[in-house]
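J.: Supplied structure: target-v4.txt, compact mmCIF, C-alpha atoms and all ligand atoms.
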# COMPACT_ATOMS: atom_id res chain seq x y z
CA MET A 1 13.45 -19.94 28.67
CA SER A 2 11.76 -16.71 29.69
CA ILE A 3 8.13 -15.86 29.00
CA GLU A 4 8.44 -12.28 30.18
CA PRO A 5 7.17 -10.04 27.34
CA PRO A 6 9.71 -7.43 26.29
CA ALA A 7 8.92 -3.89 27.46
CA ASP A 8 8.40 -2.65 23.87
CA ALA A 9 5.96 -5.46 22.94
CA ALA A 10 2.91 -4.48 20.89
CA ALA A 11 -0.45 -4.23 22.68
CA PRO A 12 -2.98 -6.89 21.67
CA GLN A 13 -5.24 -5.99 18.76
CA ARG A 14 -8.65 -7.60 18.70
CA ASN A 15 -9.31 -9.85 15.70
CA PRO A 16 -12.30 -8.23 13.92
CA LYS A 17 -13.68 -11.74 13.25
CA ALA A 18 -13.67 -12.66 16.97
CA PRO A 19 -17.07 -12.85 18.72
CA PRO A 20 -18.26 -9.63 20.42
CA PRO A 21 -18.01 -8.94 24.19
CA GLY A 22 -20.35 -11.12 26.25
CA GLU A 23 -20.73 -13.82 23.58
CA ARG A 24 -19.95 -17.47 24.30
CA THR A 25 -16.90 -18.68 22.39
CA THR A 26 -17.19 -21.89 20.39
CA SER A 27 -14.88 -24.83 21.06
CA HIS A 28 -11.88 -24.72 18.72
CA TYR A 29 -12.18 -28.52 18.31
CA GLU A 30 -15.02 -30.80 19.39
CA GLY A 31 -12.54 -33.51 20.44
CA CYS A 32 -10.68 -31.18 22.84
CA ARG A 33 -10.56 -32.57 26.39
CA GLY A 34 -10.51 -29.01 27.72
CA CYS A 35 -13.54 -27.45 26.05
CA GLY A 36 -15.06 -30.09 23.74
CA ASP A 37 -18.40 -31.73 24.50
CA VAL A 38 -17.01 -35.26 24.67
CA PRO A 39 -16.51 -37.86 27.44
CA GLY A 40 -13.40 -37.03 29.47
CA SER A 41 -13.56 -33.31 28.67
CA LEU A 42 -13.39 -30.75 31.48
CA ARG A 43 -16.12 -28.93 29.54
CA VAL A 44 -14.60 -25.52 30.15
CA ARG A 45 -16.99 -22.88 28.79
CA SER A 46 -15.82 -19.38 27.86
CA TRP A 47 -17.26 -15.96 27.11
CA VAL A 48 -15.61 -12.87 25.66
CA GLY A 49 -14.88 -10.22 28.32
CA ASP A 50 -16.19 -6.64 28.23
CA ASP A 51 -12.99 -5.32 26.62
CA GLY A 52 -13.29 -7.77 23.69
CA VAL A 53 -9.80 -9.18 24.30
CA SER A 54 -10.03 -10.90 27.69
CA VAL A 55 -12.02 -14.09 28.32
CA ILE A 56 -14.05 -15.43 31.24
CA SER A 57 -14.28 -19.21 31.60
CA ARG A 58 -16.21 -21.58 33.84
CA PHE A 59 -14.99 -24.96 35.06
CA ASP A 60 -17.24 -27.09 37.28
CA VAL A 61 -15.03 -29.31 39.42
CA LEU A 62 -16.44 -32.85 39.54
CA GLU A 63 -15.47 -36.09 41.24
CA GLU A 64 -13.64 -37.31 38.11
CA HIS A 65 -11.28 -34.34 38.43
CA GLN A 66 -9.92 -35.39 41.84
CA GLY A 67 -6.24 -35.73 42.64
CA ALA A 68 -6.58 -36.13 46.44
CA PRO A 69 -9.72 -37.03 48.42
CA GLY A 70 -12.33 -34.45 47.49
CA LEU A 71 -9.79 -32.09 45.92
CA LEU A 72 -9.04 -31.03 42.36
CA HIS A 73 -5.99 -32.55 40.63
CA GLY A 74 -3.38 -29.89 39.84
CA GLY A 75 -2.95 -31.18 36.29
CA MET A 76 -6.68 -30.72 35.68
CA LEU A 77 -6.41 -27.10 36.81
CA MET A 78 -3.50 -26.64 34.40
CA THR A 79 -5.61 -28.11 31.60
CA ALA A 80 -8.45 -25.70 32.39
CA LEU A 81 -6.00 -22.77 32.50
CA ASP A 82 -4.34 -23.87 29.23
CA ASP A 83 -7.74 -23.94 27.57
CA ALA A 84 -8.90 -20.62 29.04
CA LEU A 85 -5.65 -18.85 28.16
CA GLY A 86 -5.78 -20.42 24.69
CA THR A 87 -9.31 -19.13 24.22
CA ALA A 88 -8.04 -15.64 25.11
CA TYR A 89 -5.52 -15.77 22.26
CA THR A 90 -8.31 -16.62 19.80
CA GLN A 91 -9.52 -13.04 20.31
CA VAL A 92 -6.31 -11.97 18.61
CA THR A 93 -5.28 -14.74 16.21
CA ARG A 94 -6.82 -18.03 15.08
CA SER A 95 -4.14 -20.67 15.39
CA ALA A 96 -1.41 -21.09 17.99
CA VAL A 97 -0.07 -23.77 20.34
CA THR A 98 1.14 -23.65 23.92
CA ALA A 99 4.94 -23.48 24.04
CA ARG A 100 5.21 -22.85 27.78
CA LEU A 101 2.69 -22.80 30.62
CA GLU A 102 3.63 -21.75 34.17
CA THR A 103 1.13 -22.32 36.97
CA ASP A 104 1.06 -21.38 40.65
CA PHE A 105 -1.32 -23.36 42.84
CA ARG A 106 -2.50 -21.03 45.59
CA ARG A 107 -5.51 -22.74 47.25
CA PRO A 108 -6.87 -26.31 47.29
CA VAL A 109 -10.05 -26.59 45.22
CA PRO A 110 -12.85 -28.79 46.61
CA VAL A 111 -14.84 -31.13 44.38
CA GLY A 112 -18.28 -29.58 43.83
CA SER A 113 -16.96 -26.05 43.47
CA THR A 114 -16.96 -23.85 40.38
CA LEU A 115 -13.85 -22.11 39.16
CA TRP A 116 -14.16 -18.85 37.24
CA LEU A 117 -11.10 -18.16 35.13
CA ARG A 118 -10.10 -14.73 33.86
CA SER A 119 -7.58 -14.70 30.99
CA ARG A 120 -6.10 -12.05 28.77
CA VAL A 121 -3.50 -11.48 26.08
CA ASP A 122 -0.76 -9.29 27.55
CA ALA A 123 1.48 -8.78 24.54
CA LEU A 124 2.33 -9.87 21.02
CA VAL A 125 5.81 -10.10 19.54
CA GLY A 126 5.89 -11.60 16.06
CA ARG A 127 4.52 -15.15 16.42
CA LYS A 128 4.74 -14.99 20.22
CA ILE A 129 1.54 -14.46 22.20
CA TYR A 130 1.97 -13.76 25.92
CA VAL A 131 -1.12 -14.62 27.95
CA SER A 132 -1.95 -14.70 31.65
CA GLY A 133 -4.90 -15.68 33.82
CA GLU A 134 -6.27 -16.54 37.23
CA ALA A 135 -8.74 -19.12 38.55
CA HIS A 136 -11.19 -17.73 41.12
CA LEU A 137 -13.04 -19.97 43.54
CA GLY A 138 -16.84 -19.84 43.55
CA GLU A 139 -17.33 -16.44 41.91
CA LEU A 140 -15.69 -14.11 39.43
CA ASP A 141 -13.92 -12.18 42.18
CA GLY A 142 -13.58 -15.13 44.54
CA GLU A 143 -10.35 -16.26 46.17
CA VAL A 144 -7.55 -16.95 43.70
CA ALA A 145 -6.95 -20.71 43.58
CA GLY A 146 -4.32 -20.61 40.84
CA THR A 147 -2.55 -18.27 38.46
CA ALA A 148 -0.89 -18.95 35.10
CA ARG A 149 1.30 -17.34 32.49
CA ALA A 150 1.82 -18.83 29.09
CA LEU A 151 3.61 -18.34 25.82
CA PHE A 152 1.66 -19.46 22.76
CA LEU A 153 3.32 -19.60 19.35
CA GLU A 154 1.33 -18.87 16.24
CA VAL A 155 1.32 -21.81 13.81
CA GLY A 156 -0.26 -22.45 10.42
CA VAL A 157 -2.61 -25.30 9.56
CA GLU A 158 0.49 -27.25 8.35
CA HIS A 159 1.42 -27.76 12.04
CA PHE A 160 -1.68 -29.88 12.57
CA LEU A 161 -1.55 -31.56 9.15
CA ARG A 162 2.07 -32.53 9.70
CA HIS A 163 1.77 -33.80 13.28
CA GLY A 164 -1.83 -34.89 13.83
CA ARG A 165 -3.08 -38.46 13.51
CA PRO A 166 -4.24 -38.92 9.89
CA GLU A 167 -7.62 -40.51 10.74
CA ASP A 168 -8.53 -37.58 12.99
CA LEU A 169 -7.54 -35.11 10.27
CA GLU A 170 -9.51 -37.03 7.65
CA ALA A 171 -12.56 -36.99 9.94
CA LEU A 172 -12.33 -33.19 9.81
CA GLY A 173 -12.29 -33.24 5.99
CA ALA A 174 -8.57 -33.17 5.15
CA SER A 175 -7.76 -35.40 2.19
CA ARG A 176 -4.97 -38.00 2.29
CA GLU A 177 -3.15 -36.01 -0.44
CA VAL A 178 -3.22 -32.78 1.55
CA ILE A 179 -1.95 -34.57 4.66
CA GLU A 180 0.84 -36.29 2.68
CA ALA A 181 1.82 -33.01 1.01
CA ALA A 182 2.12 -31.26 4.40
CA ARG A 183 4.28 -34.09 5.73
CA THR A 184 6.70 -34.11 2.84
CA ALA A 185 6.94 -30.30 2.42
CA ARG A 186 10.04 -28.57 3.77
C1 LIG A 201 -8.84 -22.20 21.76
C2 LIG A 201 -7.55 -22.90 21.86
C3 LIG A 201 -7.35 -23.59 23.20
C4 LIG A 201 -6.22 -24.50 23.07
C5 LIG A 201 -5.73 -24.92 24.42
C6 LIG A 201 -4.77 -26.07 24.30
C7 LIG A 201 -3.50 -25.63 23.60
C8 LIG A 201 -2.54 -26.74 23.62
O1 LIG A 201 -2.46 -27.47 24.54
S1 LIG A 201 -1.49 -26.92 22.26
C9 LIG A 201 -0.71 -28.52 22.58
C10 LIG A 201 0.53 -28.41 23.41
N1 LIG A 201 1.57 -27.77 22.71
C11 LIG A 201 2.29 -28.40 21.71
O2 LIG A 201 2.04 -29.53 21.35
C12 LIG A 201 3.39 -27.61 21.08
C13 LIG A 201 4.61 -28.49 20.85
N2 LIG A 201 5.72 -27.68 20.46
C14 LIG A 201 5.93 -27.32 19.17
O3 LIG A 201 5.23 -27.77 18.26
C15 LIG A 201 7.04 -26.37 18.86
O4 LIG A 201 8.00 -26.40 19.89
C16 LIG A 201 6.52 -24.89 18.74
C17 LIG A 201 5.54 -24.77 17.54
C18 LIG A 201 5.81 -24.42 20.02
C19 LIG A 201 7.70 -23.96 18.52
O5 LIG A 201 8.45 -24.45 17.45
P1 LIG A 201 8.92 -23.45 16.28
O6 LIG A 201 7.73 -22.93 15.57
O7 LIG A 201 9.93 -24.18 15.49
O8 LIG A 201 9.52 -22.22 17.05
P2 LIG A 201 11.00 -22.03 17.61
O9 LIG A 201 11.83 -21.55 16.46
O10 LIG A 201 11.45 -23.19 18.41
O11 LIG A 201 10.76 -20.83 18.63
C20 LIG A 201 10.29 -19.56 18.17
C21 LIG A 201 10.59 -18.59 19.28
O12 LIG A 201 9.81 -18.96 20.45
C22 LIG A 201 10.69 -19.20 21.57
N3 LIG A 201 10.21 -20.36 22.30
C23 LIG A 201 9.83 -21.56 21.80
N4 LIG A 201 9.46 -22.38 22.81
C24 LIG A 201 9.60 -21.67 23.96
C25 LIG A 201 9.39 -21.98 25.33
N5 LIG A 201 8.92 -23.18 25.72
N6 LIG A 201 9.63 -21.03 26.25
C26 LIG A 201 10.08 -19.79 25.89
N7 LIG A 201 10.32 -19.44 24.59
C27 LIG A 201 10.09 -20.38 23.65
C28 LIG A 201 12.05 -19.50 20.95
O13 LIG A 201 13.11 -19.20 21.84
C29 LIG A 201 12.05 -18.57 19.73
O14 LIG A 201 12.35 -17.26 20.19
P3 LIG A 201 13.14 -16.23 19.24
O15 LIG A 201 12.30 -16.08 17.97
O16 LIG A 201 13.20 -14.97 20.05
O17 LIG A 201 14.46 -16.86 18.97
Would it be possible to restate this file's structure as structure tokens?
Ligand SMILES: CCCCCCCC(=O)SCCNC(=O)CCNC(=O)[C@H](O)C(C)(C)COP(=O)(O)OP(=O)(O)OC[C@H]1O[C@@H](n2cnc3c(N)ncnc32)[C@H](O)[C@@H]1OP(=O)(O)O
T.:
Amino acid sequence: MSIEPPADAAAPQRNPKAPPPGERTTSHYEGCRGCGDVPGSLRVRSWVGDDGVSVISRFDVLEEHQGAPGLLHGGMLMTALDDALGTAYTQVTRSAVTARLETDFRRPVPVGSTLWLRSRVDALVGRKIYVSGEAHLGELDGEVAGTARALFLEVGVEHFLRHGRPEDLEALGASREVIEAARTAR
């Protein structure tokens, strides 16, 4: 399926509740292995770009992210890109999930390096959010190590209530009744 935005797609409108340019974004979920502060997380950190719609993210590549000797695992780079591109959509809407993520791996990334990711929302069509981004090696305008395009689809809270593990939802404050109701609703 294509993730090329149609030519007449609407330009992204900044969510007035999104943090201002330059501000650090908060993790959407503390348990996230992309941006949460938990063991096993890539600890991707993001800041709102100058235009208020794009996002800049930092990913420090450590030994536990290896796929080959001394080199970053491609799946880890995809995770970082998924998180960075997802953070970009939060400048526009609050709740969406990745439907498709396409990644090109352009340069090997050594352990010990820092990747700077630049991500932006390109277009919106109904529930569809088209996002793209690049991972730069060492500095914001460093060599491009990888590029990505993604389609996120806007979802309501019912998506998470219906599909998430009940104990994790309850830990966030959802009652058993609310979870049950979401699962039986049609
Ligand atoms: C700050 C946040 C950072 C977060 C970073 C991490 C984000 C994540 O990793 S989220 C987890 C990974 N993703 C998931 O688990 C999603 C699993 N998939 C799903 O739940 C569903 O397939 C979902 C919600 C994406 C779409 O289902 P549904 O809402 O029923 O939509 P559906 O009717 O199938 O499709 C709607 C439209 O999108 C299109 N579409 C759906 N999937 C795709 C796809 N993979 N590629 C292209 N188009 C697609 C459909 O063709 C349809 O288009 P149209 O309206 O023109 O006919």
J.: Give me the residues within 9 Å of Leu85 of chain A as an MDAnalysis selection string, counting only C-alpha atoms and dropping any in the same chain fewer than 6 places off.
T.: chainID A and resid 55 117:121 131:133 148:150
J.: Select, from A:Pro21, A:Gly52, A:Gly40, A:Pro6, the residue with the minimum atom-to-atom distance to Val125 of chain A, counting only C-alpha atoms.
T.: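 Using only C-alpha atoms, Val125 of chain A sits closest to A:Pro6.
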J.: Which residues are close to Pro166 of chain A, i.e. within 8 Å by all atoms listed in the file, leaving aside same-chain residues fewer than 3 positions away? Reply as a list in words.
T.: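 Result of the neighbour search: Leu161, Leu169, Glu170, Arg176 and Ile179 of chain A.
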J.: Around ligand LIG 201 (chain A), at most 7 Å away and counting only C-alpha atoms and all ligand atoms, which residues are there? Put them as number ranges by chain, please.
T.: A: 1-3, 27-28, 82-84, 86-87, 90, 97-100, 128, 151, 153, 155
J.: Restricting the calculation to only C-alpha atoms: of A:Glu143, A:Phe160, A:Pro19, A:Leu81, which residue gets closest to Asp50 of chain A?
T.: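 For Asp50 of chain A, the nearest of the given residues is A:Pro19.
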J.: Using the incomplete input, complete segment 17-37 of chain A to the level of N, CA, C and O atoms; output as a short mmCIF file (atom, residue, chain, number, x, y, z; two decimals), in the frame of the given file.
T.:
data_model
loop_
_atom_site.label_atom_id
_atom_site.label_comp_id
_atom_site.auth_asym_id
_atom_site.auth_seq_id
_atom_site.Cartn_x
_atom_site.Cartn_y
_atom_site.Cartn_z
N LYS A 17 -12.77 -10.60 13.45
CA LYS A 17 -13.68 -11.74 13.25
C LYS A 17 -14.03 -12.43 14.57
O LYS A 17 -14.84 -13.37 14.59
N ALA A 18 -13.40 -12.02 15.67
CA ALA A 18 -13.67 -12.66 16.97
C ALA A 18 -15.09 -12.29 17.43
O ALA A 18 -15.61 -11.24 17.06
N PRO A 19 -15.71 -13.16 18.25
CA PRO A 19 -17.07 -12.85 18.72
C PRO A 19 -17.06 -11.58 19.59
O PRO A 19 -16.04 -11.25 20.20
N PRO A 20 -18.21 -10.89 19.66
CA PRO A 20 -18.26 -9.63 20.42
C PRO A 20 -18.26 -9.87 21.94
O PRO A 20 -18.53 -11.00 22.39
N PRO A 21 -17.99 -8.81 22.73
CA PRO A 21 -18.01 -8.94 24.19
C PRO A 21 -19.31 -9.58 24.68
O PRO A 21 -20.39 -9.28 24.17
N GLY A 22 -19.18 -10.48 25.65
CA GLY A 22 -20.35 -11.12 26.25
C GLY A 22 -20.75 -12.42 25.57
O GLY A 22 -21.45 -13.26 26.14
N GLU A 23 -20.30 -12.63 24.33
CA GLU A 23 -20.73 -13.82 23.58
C GLU A 23 -19.93 -15.07 24.00
O GLU A 23 -18.73 -14.97 24.31
N ARG A 24 -20.61 -16.19 24.00
CA ARG A 24 -19.95 -17.47 24.30
C ARG A 24 -19.02 -17.82 23.14
O ARG A 24 -19.39 -17.67 21.98
N THR A 25 -17.81 -18.27 23.45
CA THR A 25 -16.90 -18.68 22.39
C THR A 25 -17.21 -20.14 22.04
O THR A 25 -17.65 -20.91 22.89
N THR A 26 -16.96 -20.50 20.78
CA THR A 26 -17.19 -21.89 20.39
C THR A 26 -15.91 -22.69 20.62
O THR A 26 -14.81 -22.13 20.58
N SER A 27 -16.06 -23.98 20.87
CA SER A 27 -14.88 -24.83 21.06
C SER A 27 -14.06 -24.84 19.76
O SER A 27 -14.62 -24.94 18.67
N HIS A 28 -12.75 -24.72 19.90
CA HIS A 28 -11.88 -24.72 18.72
C HIS A 28 -11.85 -26.09 18.06
O HIS A 28 -11.52 -26.23 16.89
N TYR A 29 -12.20 -27.16 18.84
CA TYR A 29 -12.18 -28.52 18.31
C TYR A 29 -13.06 -29.39 19.22
O TYR A 29 -12.83 -29.44 20.44
N GLU A 30 -14.04 -30.02 18.61
CA GLU A 30 -15.02 -30.80 19.39
C GLU A 30 -14.35 -31.92 20.21
O GLU A 30 -14.85 -32.29 21.27
N GLY A 31 -13.22 -32.43 19.73
CA GLY A 31 -12.54 -33.51 20.44
C GLY A 31 -11.65 -33.03 21.57
O GLY A 31 -11.02 -33.84 22.26
N CYS A 32 -11.58 -31.72 21.80
CA CYS A 32 -10.68 -31.18 22.84
C CYS A 32 -11.15 -31.62 24.23
O CYS A 32 -12.33 -31.50 24.57
N ARG A 33 -10.23 -32.12 25.03
CA ARG A 33 -10.56 -32.57 26.39
C ARG A 33 -10.62 -31.41 27.37
O ARG A 33 -10.89 -31.60 28.56
N GLY A 34 -10.34 -30.20 26.88
CA GLY A 34 -10.51 -29.01 27.72
C GLY A 34 -11.90 -28.43 27.56
O GLY A 34 -12.64 -28.27 28.53
N CYS A 35 -12.28 -28.16 26.28
CA CYS A 35 -13.54 -27.45 26.05
C CYS A 35 -14.51 -28.17 25.12
O CYS A 35 -15.60 -27.65 24.85
N GLY A 36 -14.15 -29.36 24.61
CA GLY A 36 -15.06 -30.09 23.74
C GLY A 36 -16.19 -30.72 24.53
O GLY A 36 -16.09 -30.90 25.75
N ASP A 37 -17.27 -31.09 23.82
CA ASP A 37 -18.40 -31.73 24.50
C ASP A 37 -18.30 -33.23 24.29
O ASP A 37 -19.13 -33.83 23.61
#
